[in-house]
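As provided, my_file-v5.txt (compact mmCIF, C-alpha atoms) reads as follows.
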# COMPACT_ATOMS: atom_id res chain seq x y z
CA ALA A 1 -29.00 -30.21 116.82
CA GLN A 2 -30.16 -32.13 113.77
CA SER A 3 -33.62 -32.90 112.46
CA VAL A 4 -35.23 -34.45 109.41
CA THR A 5 -38.52 -33.76 107.69
CA GLN A 6 -39.97 -36.24 105.26
CA LEU A 7 -42.75 -34.76 103.17
CA GLY A 8 -45.56 -37.21 102.52
CA SER A 9 -46.19 -40.12 104.85
CA HIS A 10 -47.58 -42.14 101.93
CA VAL A 11 -46.55 -42.15 98.29
CA SER A 12 -48.19 -44.26 95.61
CA VAL A 13 -46.79 -44.91 92.14
CA SER A 14 -47.47 -47.26 89.28
CA GLU A 15 -44.98 -49.95 88.41
CA GLY A 16 -42.43 -48.47 86.01
CA ALA A 17 -43.05 -44.89 87.14
CA LEU A 18 -40.56 -42.54 88.74
CA VAL A 19 -40.16 -42.77 92.50
CA LEU A 20 -39.46 -39.53 94.37
CA LEU A 21 -39.31 -39.48 98.17
CA ARG A 22 -38.59 -36.13 99.73
CA CYS A 23 -36.29 -35.38 102.64
CA ASN A 24 -35.19 -32.06 104.09
CA TYR A 25 -32.75 -31.78 106.93
CA SER A 26 -31.57 -29.29 109.48
CA SER A 27 -28.05 -29.36 110.80
CA SER A 28 -25.71 -26.78 112.29
CA VAL A 29 -22.70 -28.68 110.96
CA PRO A 30 -21.98 -30.47 107.67
CA PRO A 31 -24.36 -33.43 107.79
CA TYR A 32 -24.03 -37.09 107.11
CA LEU A 33 -27.24 -38.18 105.39
CA PHE A 34 -28.77 -41.61 105.01
CA TRP A 35 -31.70 -43.41 103.45
CA TYR A 36 -32.89 -46.69 104.92
CA VAL A 37 -35.58 -49.10 103.79
CA GLN A 38 -37.72 -51.22 106.07
CA TYR A 39 -39.82 -54.19 105.00
CA PRO A 40 -42.66 -55.31 107.30
CA ASN A 41 -41.50 -56.53 110.71
CA GLN A 42 -37.86 -56.30 109.74
CA GLY A 43 -34.94 -54.13 110.70
CA LEU A 44 -33.55 -51.32 108.61
CA GLN A 45 -31.41 -51.80 105.54
CA LEU A 46 -29.12 -49.06 104.34
CA LEU A 47 -29.92 -47.89 100.81
CA LEU A 48 -27.29 -45.18 100.50
CA LYS A 49 -25.44 -42.50 102.39
CA TYR A 50 -23.78 -39.18 101.82
CA THR A 51 -20.70 -38.25 103.80
CA THR A 52 -18.52 -35.94 101.73
CA GLY A 53 -17.54 -35.54 98.09
CA ALA A 54 -19.85 -36.27 95.18
CA THR A 55 -23.33 -34.93 95.85
CA LEU A 56 -25.10 -37.55 93.75
CA VAL A 57 -25.04 -40.79 95.64
CA LYS A 58 -25.95 -44.12 94.12
CA GLY A 59 -27.26 -46.92 96.29
CA ILE A 60 -28.60 -50.40 96.10
CA ASN A 61 -31.63 -51.54 94.08
CA GLY A 62 -31.32 -48.68 91.58
CA PHE A 63 -31.93 -45.87 94.08
CA GLU A 64 -30.00 -42.64 94.18
CA ALA A 65 -30.14 -39.39 96.11
CA GLU A 66 -28.70 -35.94 95.59
CA PHE A 67 -27.37 -33.76 98.38
CA LYS A 68 -28.36 -30.13 97.78
CA LYS A 69 -26.89 -27.92 100.43
CA SER A 70 -28.63 -24.77 99.20
CA GLU A 71 -31.99 -26.48 99.55
CA THR A 72 -31.05 -28.56 102.62
CA SER A 73 -32.49 -31.55 100.80
CA PHE A 74 -31.58 -35.16 100.17
CA HIS A 75 -34.40 -36.54 98.03
CA LEU A 76 -34.45 -40.22 97.07
CA THR A 77 -35.26 -41.23 93.50
CA LYS A 78 -35.55 -44.29 91.32
CA PRO A 79 -36.30 -44.02 87.59
CA SER A 80 -38.61 -47.02 87.40
CA ALA A 81 -40.54 -48.48 90.33
CA HIS A 82 -40.80 -52.20 90.85
CA MET A 83 -43.37 -54.04 92.93
CA SER A 84 -40.61 -55.15 95.28
CA ASP A 85 -39.87 -51.51 96.15
CA ALA A 86 -43.03 -51.34 98.25
CA ALA A 87 -41.77 -50.66 101.78
CA GLU A 88 -41.22 -47.87 104.28
CA TYR A 89 -38.36 -45.49 103.68
CA PHE A 90 -36.56 -43.44 106.29
CA CYS A 91 -34.27 -40.49 105.85
CA ALA A 92 -31.77 -39.85 108.64
CA VAL A 93 -29.11 -37.31 109.57
CA SER A 94 -26.03 -37.45 111.74
CA GLY A 95 -23.90 -34.46 112.60
CA ASN A 96 -21.10 -33.84 115.04
CA THR A 97 -22.55 -36.19 117.63
CA ASP A 98 -22.86 -39.95 117.55
CA LYS A 99 -26.63 -39.82 117.19
CA LEU A 100 -28.57 -40.83 114.08
CA ILE A 101 -31.83 -38.90 113.87
CA PHE A 102 -34.65 -40.17 111.69
CA GLY A 103 -37.58 -38.65 109.90
CA THR A 104 -41.07 -40.05 110.37
CA GLY A 105 -40.86 -42.24 107.29
CA THR A 106 -42.64 -42.54 103.95
CA ARG A 107 -44.59 -45.62 103.00
CA LEU A 108 -44.22 -46.38 99.31
CA GLN A 109 -46.97 -48.31 97.54
CA VAL A 110 -46.44 -49.63 94.02
CA PHE A 111 -49.46 -50.51 91.90
CA PRO A 112 -49.34 -52.86 88.92
CA SER B 113 -17.47 -59.89 109.86
CA GLN B 114 -19.61 -57.93 112.28
CA THR B 115 -23.09 -59.08 113.22
CA ILE B 116 -25.76 -57.78 115.54
CA HIS B 117 -28.18 -60.00 117.38
CA GLN B 118 -31.40 -58.92 118.99
CA TRP B 119 -33.88 -61.04 120.91
CA PRO B 120 -36.57 -62.01 121.35
CA ALA B 121 -38.19 -61.32 117.99
CA THR B 122 -41.67 -60.96 119.47
CA LEU B 123 -42.91 -60.51 123.00
CA VAL B 124 -46.33 -60.15 124.57
CA GLN B 125 -46.27 -58.88 128.13
CA PRO B 126 -49.00 -57.82 130.58
CA VAL B 127 -49.17 -54.29 131.91
CA GLY B 128 -47.07 -53.92 135.03
CA SER B 129 -44.66 -56.75 134.19
CA PRO B 130 -40.89 -56.23 133.82
CA LEU B 131 -39.04 -56.12 130.51
CA SER B 132 -35.58 -57.09 129.36
CA LEU B 133 -34.50 -56.90 125.73
CA GLU B 134 -30.98 -57.83 124.81
CA CYS B 135 -28.73 -56.80 121.98
CA THR B 136 -25.24 -58.08 121.28
CA VAL B 137 -22.69 -57.26 118.62
CA GLU B 138 -20.02 -59.63 117.38
CA GLY B 139 -16.84 -59.05 115.44
CA THR B 140 -15.99 -55.58 116.71
CA SER B 141 -14.86 -53.86 119.85
CA ASN B 142 -15.91 -50.63 121.56
CA PRO B 143 -18.93 -50.01 119.34
CA ASN B 144 -21.41 -47.21 119.83
CA LEU B 145 -24.78 -48.81 120.64
CA TYR B 146 -28.29 -47.46 120.22
CA TRP B 147 -31.87 -48.34 121.13
CA TYR B 148 -34.70 -47.02 118.97
CA ARG B 149 -38.45 -47.43 119.25
CA GLN B 150 -40.84 -47.40 116.35
CA ALA B 151 -44.44 -46.77 117.34
CA ALA B 152 -47.24 -47.00 114.81
CA GLY B 153 -47.16 -43.96 112.54
CA ARG B 154 -44.44 -42.22 114.53
CA GLY B 155 -41.19 -43.09 112.85
CA LEU B 156 -38.05 -44.05 114.70
CA GLN B 157 -37.34 -42.44 118.02
CA LEU B 158 -33.88 -42.64 119.59
CA LEU B 159 -34.27 -43.83 123.20
CA PHE B 160 -30.73 -44.44 124.44
CA TYR B 161 -27.20 -44.54 123.16
CA SER B 162 -23.91 -45.66 124.65
CA VAL B 163 -20.31 -44.96 123.70
CA GLY B 164 -18.79 -47.32 126.26
CA ILE B 165 -19.36 -49.72 129.16
CA GLY B 166 -21.58 -48.12 131.77
CA GLN B 167 -22.03 -44.96 129.70
CA ILE B 168 -25.68 -44.40 128.85
CA SER B 169 -27.30 -41.30 127.39
CA SER B 170 -31.06 -41.02 127.55
CA GLU B 171 -32.81 -39.08 124.84
CA VAL B 172 -36.41 -39.17 125.97
CA PRO B 173 -37.86 -39.31 129.50
CA GLN B 174 -39.82 -42.52 129.75
CA ASN B 175 -40.60 -45.71 131.55
CA LEU B 176 -37.52 -47.47 130.20
CA SER B 177 -33.85 -47.75 131.12
CA ALA B 178 -30.76 -49.08 129.40
CA SER B 179 -27.56 -50.70 130.60
CA ARG B 180 -24.30 -51.76 129.02
CA PRO B 181 -22.72 -54.34 131.30
CA GLN B 182 -20.22 -55.53 128.68
CA ASP B 183 -18.53 -53.91 125.71
CA ARG B 184 -20.78 -55.52 123.13
CA GLN B 185 -23.98 -55.97 125.11
CA PHE B 186 -26.80 -53.46 125.39
CA ILE B 187 -29.92 -54.14 127.43
CA LEU B 188 -33.23 -52.32 127.44
CA SER B 189 -35.32 -52.72 130.59
CA SER B 190 -38.44 -51.67 132.37
CA LYS B 191 -39.61 -52.42 135.89
CA LYS B 192 -43.30 -52.04 135.06
CA LEU B 193 -44.55 -51.95 131.49
CA LEU B 194 -47.23 -49.54 130.31
CA LEU B 195 -49.57 -49.98 127.35
CA SER B 196 -47.75 -47.08 125.70
CA ASP B 197 -44.50 -49.10 125.72
CA SER B 198 -45.84 -51.25 122.89
CA GLY B 199 -43.88 -50.89 119.68
CA PHE B 200 -41.05 -52.20 117.56
CA TYR B 201 -37.67 -51.89 119.26
CA LEU B 202 -34.51 -51.75 117.22
CA CYS B 203 -30.93 -52.00 118.36
CA ALA B 204 -28.12 -50.53 116.26
CA TRP B 205 -24.35 -50.17 116.36
CA ARG B 206 -21.62 -48.22 114.66
CA ALA B 207 -17.89 -48.31 114.97
CA GLY B 208 -16.69 -45.91 117.64
CA GLN B 209 -14.32 -44.27 115.23
CA GLY B 210 -14.17 -43.98 111.50
CA LEU B 211 -16.94 -44.46 108.98
CA ARG B 212 -20.47 -43.42 109.85
CA VAL B 213 -22.01 -46.81 109.22
CA TYR B 214 -24.99 -47.66 111.41
CA THR B 215 -26.15 -51.26 111.32
CA PHE B 216 -29.49 -52.37 112.72
CA GLY B 217 -30.71 -55.56 114.31
CA SER B 218 -33.85 -57.33 113.17
CA GLY B 219 -36.00 -55.83 115.93
CA THR B 220 -38.32 -56.92 118.73
CA ARG B 221 -42.07 -56.50 118.42
CA LEU B 222 -43.35 -55.76 121.94
CA THR B 223 -47.06 -55.85 122.66
CA VAL B 224 -48.19 -54.83 126.11
CA VAL B 225 -51.66 -56.15 126.95

Step by step, read the file and then write its structure as structure tokens.
Amino acid sequence: AQSVTQLGSHVSVSEGALVLLRCNYSSSVPPYLFWYVQYPNQGLQLLLKYTTGATLVKGINGFEAEFKKSETSFHLTKPSAHMSDAAEYFCAVSGNTDKLIFGTGTRLQVFP
Amino acid sequence: SQTIHQWPATLVQPVGSPLSLECTVEGTSNPNLYWYRQAAGRGLQLLFYSVGIGQISSEVPQNLSASRPQDRQFILSSKKLLLSDSGFYLCAWRAGQGLRVYTFGSGTRLTVV
């Protein structure tokens, strides 16, 4: 079975500051890992995903995440926050089943 | 190109009334289909998924049911809504084989009053 833990339900940063959203996973098989973003009352948009190969994954809007097997982590980062990054972010894992399991989400606030 | 449609966008229903939410996918065949619910402060919970017509797996015991009458149609239903059924419902699909790419619909905001 797979599970995801997102540390911090709310994260606040200043515009231009580093964004770090934490995600730890549990999986009995090599995982597929995902980060999605959700703007208010909208569906989910894929930011990036890790399947196999390079452990540093670059996504849209300047985000990237690094798969660290030894730490069972897949933290999301962005060097410089923008006001438009304010949204809710979800980490998700998929293993040897067809199911995509989500964490509880982290709401990112960006202050001017 | 593939698209996913979900409707209605918003719905207000009284307690005890029936529910039917529909999701359709275009531009692909034999997709895996999923229903998720997002309740306030609780993240995204997988409710049902389907790998083929008439094949439904339920993840969480609840007041809801799902059906897949056609290859690219997935319906979420309830005979009698409860207040606790309120939430944001999202449909998603992925190709049955190949890349793990999950694409989500725009969601339905259900308020049970």

Once you count only C-alpha atoms, what closest atom pair and distance in Å to one decimal does each residue of chain A within 12 Å of chain B have, with rows by chain and rising residue number, as JSON lines?
{"residue": "A:Ser3", "atom": "CA", "partner": "B:Gln157", "partner_atom": "CA", "distance": 11.7}
{"residue": "A:Val4", "atom": "CA", "partner": "B:Gly155", "partner_atom": "CA", "distance": 11.0}
{"residue": "A:Thr5", "atom": "CA", "partner": "B:Gly155", "partner_atom": "CA", "distance": 11.0}
{"residue": "A:Gln6", "atom": "CA", "partner": "B:Gly155", "partner_atom": "CA", "distance": 10.3}
{"residue": "A:Ser9", "atom": "CA", "partner": "B:Gly153", "partner_atom": "CA", "distance": 8.7}
{"residue": "A:His10", "atom": "CA", "partner": "B:Gly153", "partner_atom": "CA", "distance": 10.8}
{"residue": "A:Pro31", "atom": "CA", "partner": "B:Arg212", "partner_atom": "CA", "distance": 10.9}
{"residue": "A:Tyr32", "atom": "CA", "partner": "B:Arg212", "partner_atom": "CA", "distance": 7.8}
{"residue": "A:Leu33", "atom": "CA", "partner": "B:Arg212", "partner_atom": "CA", "distance": 9.7}
{"residue": "A:Phe34", "atom": "CA", "partner": "B:Val213", "partner_atom": "CA", "distance": 9.5}
{"residue": "A:Trp35", "atom": "CA", "partner": "B:Tyr214", "partner_atom": "CA", "distance": 11.2}
{"residue": "A:Tyr36", "atom": "CA", "partner": "B:Phe216", "partner_atom": "CA", "distance": 10.2}
{"residue": "A:Val37", "atom": "CA", "partner": "B:Phe216", "partner_atom": "CA", "distance": 11.3}
{"residue": "A:Gln38", "atom": "CA", "partner": "B:Ser218", "partner_atom": "CA", "distance": 10.1}
{"residue": "A:Tyr39", "atom": "CA", "partner": "B:Ser218", "partner_atom": "CA", "distance": 10.6}
{"residue": "A:Pro40", "atom": "CA", "partner": "B:Ser218", "partner_atom": "CA", "distance": 10.8}
{"residue": "A:Asn41", "atom": "CA", "partner": "B:Gly219", "partner_atom": "CA", "distance": 7.6}
{"residue": "A:Gln42", "atom": "CA", "partner": "B:Ser218", "partner_atom": "CA", "distance": 5.4}
{"residue": "A:Gly43", "atom": "CA", "partner": "B:Ser218", "partner_atom": "CA", "distance": 4.2}
{"residue": "A:Leu44", "atom": "CA", "partner": "B:Phe216", "partner_atom": "CA", "distance": 5.9}
{"residue": "A:Gln45", "atom": "CA", "partner": "B:Phe216", "partner_atom": "CA", "distance": 7.5}
{"residue": "A:Leu46", "atom": "CA", "partner": "B:Thr215", "partner_atom": "CA", "distance": 7.9}
{"residue": "A:Leu47", "atom": "CA", "partner": "B:Val213", "partner_atom": "CA", "distance": 11.6}
{"residue": "A:Leu48", "atom": "CA", "partner": "B:Val213", "partner_atom": "CA", "distance": 10.3}
{"residue": "A:Lys49", "atom": "CA", "partner": "B:Val213", "partner_atom": "CA", "distance": 8.8}
{"residue": "A:Tyr50", "atom": "CA", "partner": "B:Arg212", "partner_atom": "CA", "distance": 9.7}
{"residue": "A:Thr51", "atom": "CA", "partner": "B:Arg212", "partner_atom": "CA", "distance": 8.0}
{"residue": "A:Thr52", "atom": "CA", "partner": "B:Arg212", "partner_atom": "CA", "distance": 11.2}
{"residue": "A:Glu88", "atom": "CA", "partner": "B:Gly155", "partner_atom": "CA", "distance": 9.8}
{"residue": "A:Tyr89", "atom": "CA", "partner": "B:Gly155", "partner_atom": "CA", "distance": 9.9}
{"residue": "A:Phe90", "atom": "CA", "partner": "B:Gly155", "partner_atom": "CA", "distance": 8.0}
{"residue": "A:Cys91", "atom": "CA", "partner": "B:Gly155", "partner_atom": "CA", "distance": 10.2}
{"residue": "A:Ala92", "atom": "CA", "partner": "B:Leu156", "partner_atom": "CA", "distance": 9.7}
{"residue": "A:Val93", "atom": "CA", "partner": "B:Arg212", "partner_atom": "CA", "distance": 10.6}
{"residue": "A:Ser94", "atom": "CA", "partner": "B:Arg212", "partner_atom": "CA", "distance": 8.4}
{"residue": "A:Gly95", "atom": "CA", "partner": "B:Arg212", "partner_atom": "CA", "distance": 10.0}
{"residue": "A:Asn96", "atom": "CA", "partner": "B:Arg212", "partner_atom": "CA", "distance": 10.9}
{"residue": "A:Thr97", "atom": "CA", "partner": "B:Arg212", "partner_atom": "CA", "distance": 10.8}
{"residue": "A:Asp98", "atom": "CA", "partner": "B:Asn144", "partner_atom": "CA", "distance": 7.7}
{"residue": "A:Lys99", "atom": "CA", "partner": "B:Tyr161", "partner_atom": "CA", "distance": 7.6}
{"residue": "A:Leu100", "atom": "CA", "partner": "B:Leu158", "partner_atom": "CA", "distance": 7.9}
{"residue": "A:Ile101", "atom": "CA", "partner": "B:Leu158", "partner_atom": "CA", "distance": 7.1}
{"residue": "A:Phe102", "atom": "CA", "partner": "B:Leu156", "partner_atom": "CA", "distance": 6.0}
{"residue": "A:Gly103", "atom": "CA", "partner": "B:Gly155", "partner_atom": "CA", "distance": 6.4}
{"residue": "A:Thr104", "atom": "CA", "partner": "B:Gly155", "partner_atom": "CA", "distance": 3.9}
{"residue": "A:Gly105", "atom": "CA", "partner": "B:Gly155", "partner_atom": "CA", "distance": 5.6}
{"residue": "A:Thr106", "atom": "CA", "partner": "B:Gly155", "partner_atom": "CA", "distance": 9.0}
{"residue": "A:Arg107", "atom": "CA", "partner": "B:Gly153", "partner_atom": "CA", "distance": 10.0}

Handout entry: Pick from B:Leu131, B:Ala152, B:Ser196, B:Leu222 nearest to Ala178 (chain B), counting all atoms listed in the file
Key = B:Leu131

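Straight-line separation from CA of Leu193 (chain B) to CA of Leu176 (chain B): 8.4 Å.
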
Practice task
Determine, counting only C-alpha atoms, which protein, DNA and RNA residues have an atom within 8 Å of an atom of Phe186 (chain B); residues of the same chain fewer than 2 positions away are not included. Present the result as a list in words.
Solution key: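 Returned residues: Glu134, Cys135, Thr136, Leu145, Ala178, Ser179, Arg180, Pro181, Gln182, Arg184 and Leu188 of chain B.
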
Exercise for the section: Enter the distance from CA of Ser129 (chain B) to CA of Ser198 (chain B), in Å, rounded to one decimal. Expected result: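 Spanning CA of Ser129 (chain B) to CA of Ser198 (chain B) is a straight-line distance of 12.6 Å.
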
Counting only C-alpha atoms, give me one row per residue of region 3-55 of chain A with an atom at most 9 Å from an atom of region 66-79 of chain A, showing the shortest contact pair and its distance in Å to one decimal, sorted by chain then residue number, as a tab-separated table.
residue	atom	partner	partner_atom	distance
A:Gly16	CA	A:Pro79	CA	7.7
A:Ala17	CA	A:Pro79	CA	6.8
A:Leu18	CA	A:Pro79	CA	4.7
A:Val19	CA	A:Lys78	CA	5.0
A:Leu20	CA	A:Thr77	CA	4.6
A:Leu21	CA	A:Leu76	CA	5.0
A:Arg22	CA	A:His75	CA	4.5
A:Cys23	CA	A:His75	CA	5.1
A:Asn24	CA	A:Ser73	CA	4.3
A:Tyr25	CA	A:Thr72	CA	5.6
A:Ser26	CA	A:Thr72	CA	6.9
A:Ser27	CA	A:Thr72	CA	8.7
A:Leu33	CA	A:Phe74	CA	7.4
A:Phe34	CA	A:Phe74	CA	8.5
A:Trp35	CA	A:Leu76	CA	7.6
A:Tyr50	CA	A:Phe67	CA	7.4
A:Ala54	CA	A:Phe67	CA	8.5
A:Thr55	CA	A:Phe67	CA	4.9

Practice task
In Å, rounded to a single decimal, give me how far CA of Trp205 (chain B) is from CA of His117 (chain B).
Solution key: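 Between CA of His117 (chain B) and CA of Trp205 (chain B) the gap is 10.6 Å.
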
Handout entry: Nearest candidate to Gln185 (chain B) (options B:Ala151, B:Val224, B:Leu133, B:Leu123; using all atoms listed in the file)
Key =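 Among B:Ala151, B:Val224, B:Leu133, B:Leu123, it is B:Leu133 that comes nearest to Gln185 (chain B).
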
My structure is short of atoms at region 131-149 of chain B; please model N, CA, C and O atoms there, returning them as an mmCIF file, in the coordinates of the input.
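Output contents, as saved in rebuild-v9.cif:
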data_model
loop_
_atom_site.group_PDB
_atom_site.id
_atom_site.type_symbol
_atom_site.label_atom_id
_atom_site.label_comp_id
_atom_site.auth_asym_id
_atom_site.auth_seq_id
_atom_site.Cartn_x
_atom_site.Cartn_y
_atom_site.Cartn_z
ATOM 1 N N LEU B 131 -39.494 -55.902 131.887
ATOM 2 C CA LEU B 131 -39.040 -56.120 130.510
ATOM 3 C C LEU B 131 -37.524 -56.178 130.475
ATOM 4 O O LEU B 131 -36.845 -55.417 131.174
ATOM 5 N N SER B 132 -37.012 -57.061 129.637
ATOM 6 C CA SER B 132 -35.580 -57.090 129.360
ATOM 7 C C SER B 132 -35.367 -57.515 127.921
ATOM 8 O O SER B 132 -35.698 -58.638 127.550
ATOM 9 N N LEU B 133 -34.856 -56.603 127.118
ATOM 10 C CA LEU B 133 -34.500 -56.900 125.730
ATOM 11 C C LEU B 133 -32.996 -56.822 125.606
ATOM 12 O O LEU B 133 -32.376 -55.894 126.119
ATOM 13 N N GLU B 134 -32.433 -57.777 124.895
ATOM 14 C CA GLU B 134 -30.980 -57.830 124.810
ATOM 15 C C GLU B 134 -30.492 -57.677 123.368
ATOM 16 O O GLU B 134 -31.129 -58.148 122.431
ATOM 17 N N CYS B 135 -29.359 -57.031 123.269
ATOM 18 C CA CYS B 135 -28.730 -56.800 121.980
ATOM 19 C C CYS B 135 -27.231 -57.057 122.136
ATOM 20 O O CYS B 135 -26.614 -56.566 123.077
ATOM 21 N N THR B 136 -26.672 -57.849 121.242
ATOM 22 C CA THR B 136 -25.240 -58.080 121.280
ATOM 23 C C THR B 136 -24.639 -57.910 119.897
ATOM 24 O O THR B 136 -25.285 -58.182 118.885
ATOM 25 N N VAL B 137 -23.413 -57.462 119.866
ATOM 26 C CA VAL B 137 -22.690 -57.260 118.620
ATOM 27 C C VAL B 137 -21.465 -58.162 118.638
ATOM 28 O O VAL B 137 -20.795 -58.287 119.668
ATOM 29 N N GLU B 138 -21.180 -58.773 117.503
ATOM 30 C CA GLU B 138 -20.020 -59.630 117.380
ATOM 31 C C GLU B 138 -19.087 -59.104 116.309
ATOM 32 O O GLU B 138 -19.517 -58.464 115.344
ATOM 33 N N GLY B 139 -17.804 -59.366 116.479
ATOM 34 C CA GLY B 139 -16.840 -59.050 115.440
ATOM 35 C C GLY B 139 -16.305 -57.642 115.478
ATOM 36 O O GLY B 139 -15.662 -57.207 114.517
ATOM 37 N N THR B 140 -16.526 -56.925 116.569
ATOM 38 C CA THR B 140 -15.990 -55.580 116.710
ATOM 39 C C THR B 140 -15.760 -55.297 118.183
ATOM 40 O O THR B 140 -16.214 -56.062 119.045
ATOM 41 N N SER B 141 -15.062 -54.234 118.460
ATOM 42 C CA SER B 141 -14.860 -53.860 119.850
ATOM 43 C C SER B 141 -15.153 -52.371 120.007
ATOM 44 O O SER B 141 -15.013 -51.593 119.066
ATOM 45 N N ASN B 142 -15.591 -52.005 121.208
ATOM 46 C CA ASN B 142 -15.910 -50.630 121.560
ATOM 47 C C ASN B 142 -16.870 -49.961 120.572
ATOM 48 O O ASN B 142 -16.636 -48.846 120.100
ATOM 49 N N PRO B 143 -17.969 -50.652 120.245
ATOM 50 C CA PRO B 143 -18.930 -50.010 119.340
ATOM 51 C C PRO B 143 -19.774 -48.974 120.064
ATOM 52 O O PRO B 143 -19.919 -49.026 121.293
ATOM 53 N N ASN B 144 -20.333 -48.041 119.315
ATOM 54 C CA ASN B 144 -21.410 -47.210 119.830
ATOM 55 C C ASN B 144 -22.704 -48.023 119.661
ATOM 56 O O ASN B 144 -22.921 -48.622 118.609
ATOM 57 N N LEU B 145 -23.549 -48.000 120.673
ATOM 58 C CA LEU B 145 -24.780 -48.810 120.640
ATOM 59 C C LEU B 145 -25.991 -47.927 120.854
ATOM 60 O O LEU B 145 -25.928 -46.931 121.587
ATOM 61 N N TYR B 146 -27.082 -48.292 120.224
ATOM 62 C CA TYR B 146 -28.290 -47.460 120.220
ATOM 63 C C TYR B 146 -29.529 -48.325 120.392
ATOM 64 O O TYR B 146 -29.613 -49.437 119.875
ATOM 65 N N TRP B 147 -30.522 -47.771 121.094
ATOM 66 C CA TRP B 147 -31.870 -48.340 121.130
ATOM 67 C C TRP B 147 -32.840 -47.328 120.523
ATOM 68 O O TRP B 147 -32.863 -46.168 120.940
ATOM 69 N N TYR B 148 -33.644 -47.816 119.576
ATOM 70 C CA TYR B 148 -34.700 -47.020 118.970
ATOM 71 C C TYR B 148 -36.043 -47.703 119.208
ATOM 72 O O TYR B 148 -36.123 -48.919 119.332
ATOM 73 N N ARG B 149 -37.104 -46.891 119.228
ATOM 74 C CA ARG B 149 -38.450 -47.430 119.250
ATOM 75 C C ARG B 149 -39.221 -46.882 118.063
ATOM 76 O O ARG B 149 -39.143 -45.695 117.743
#
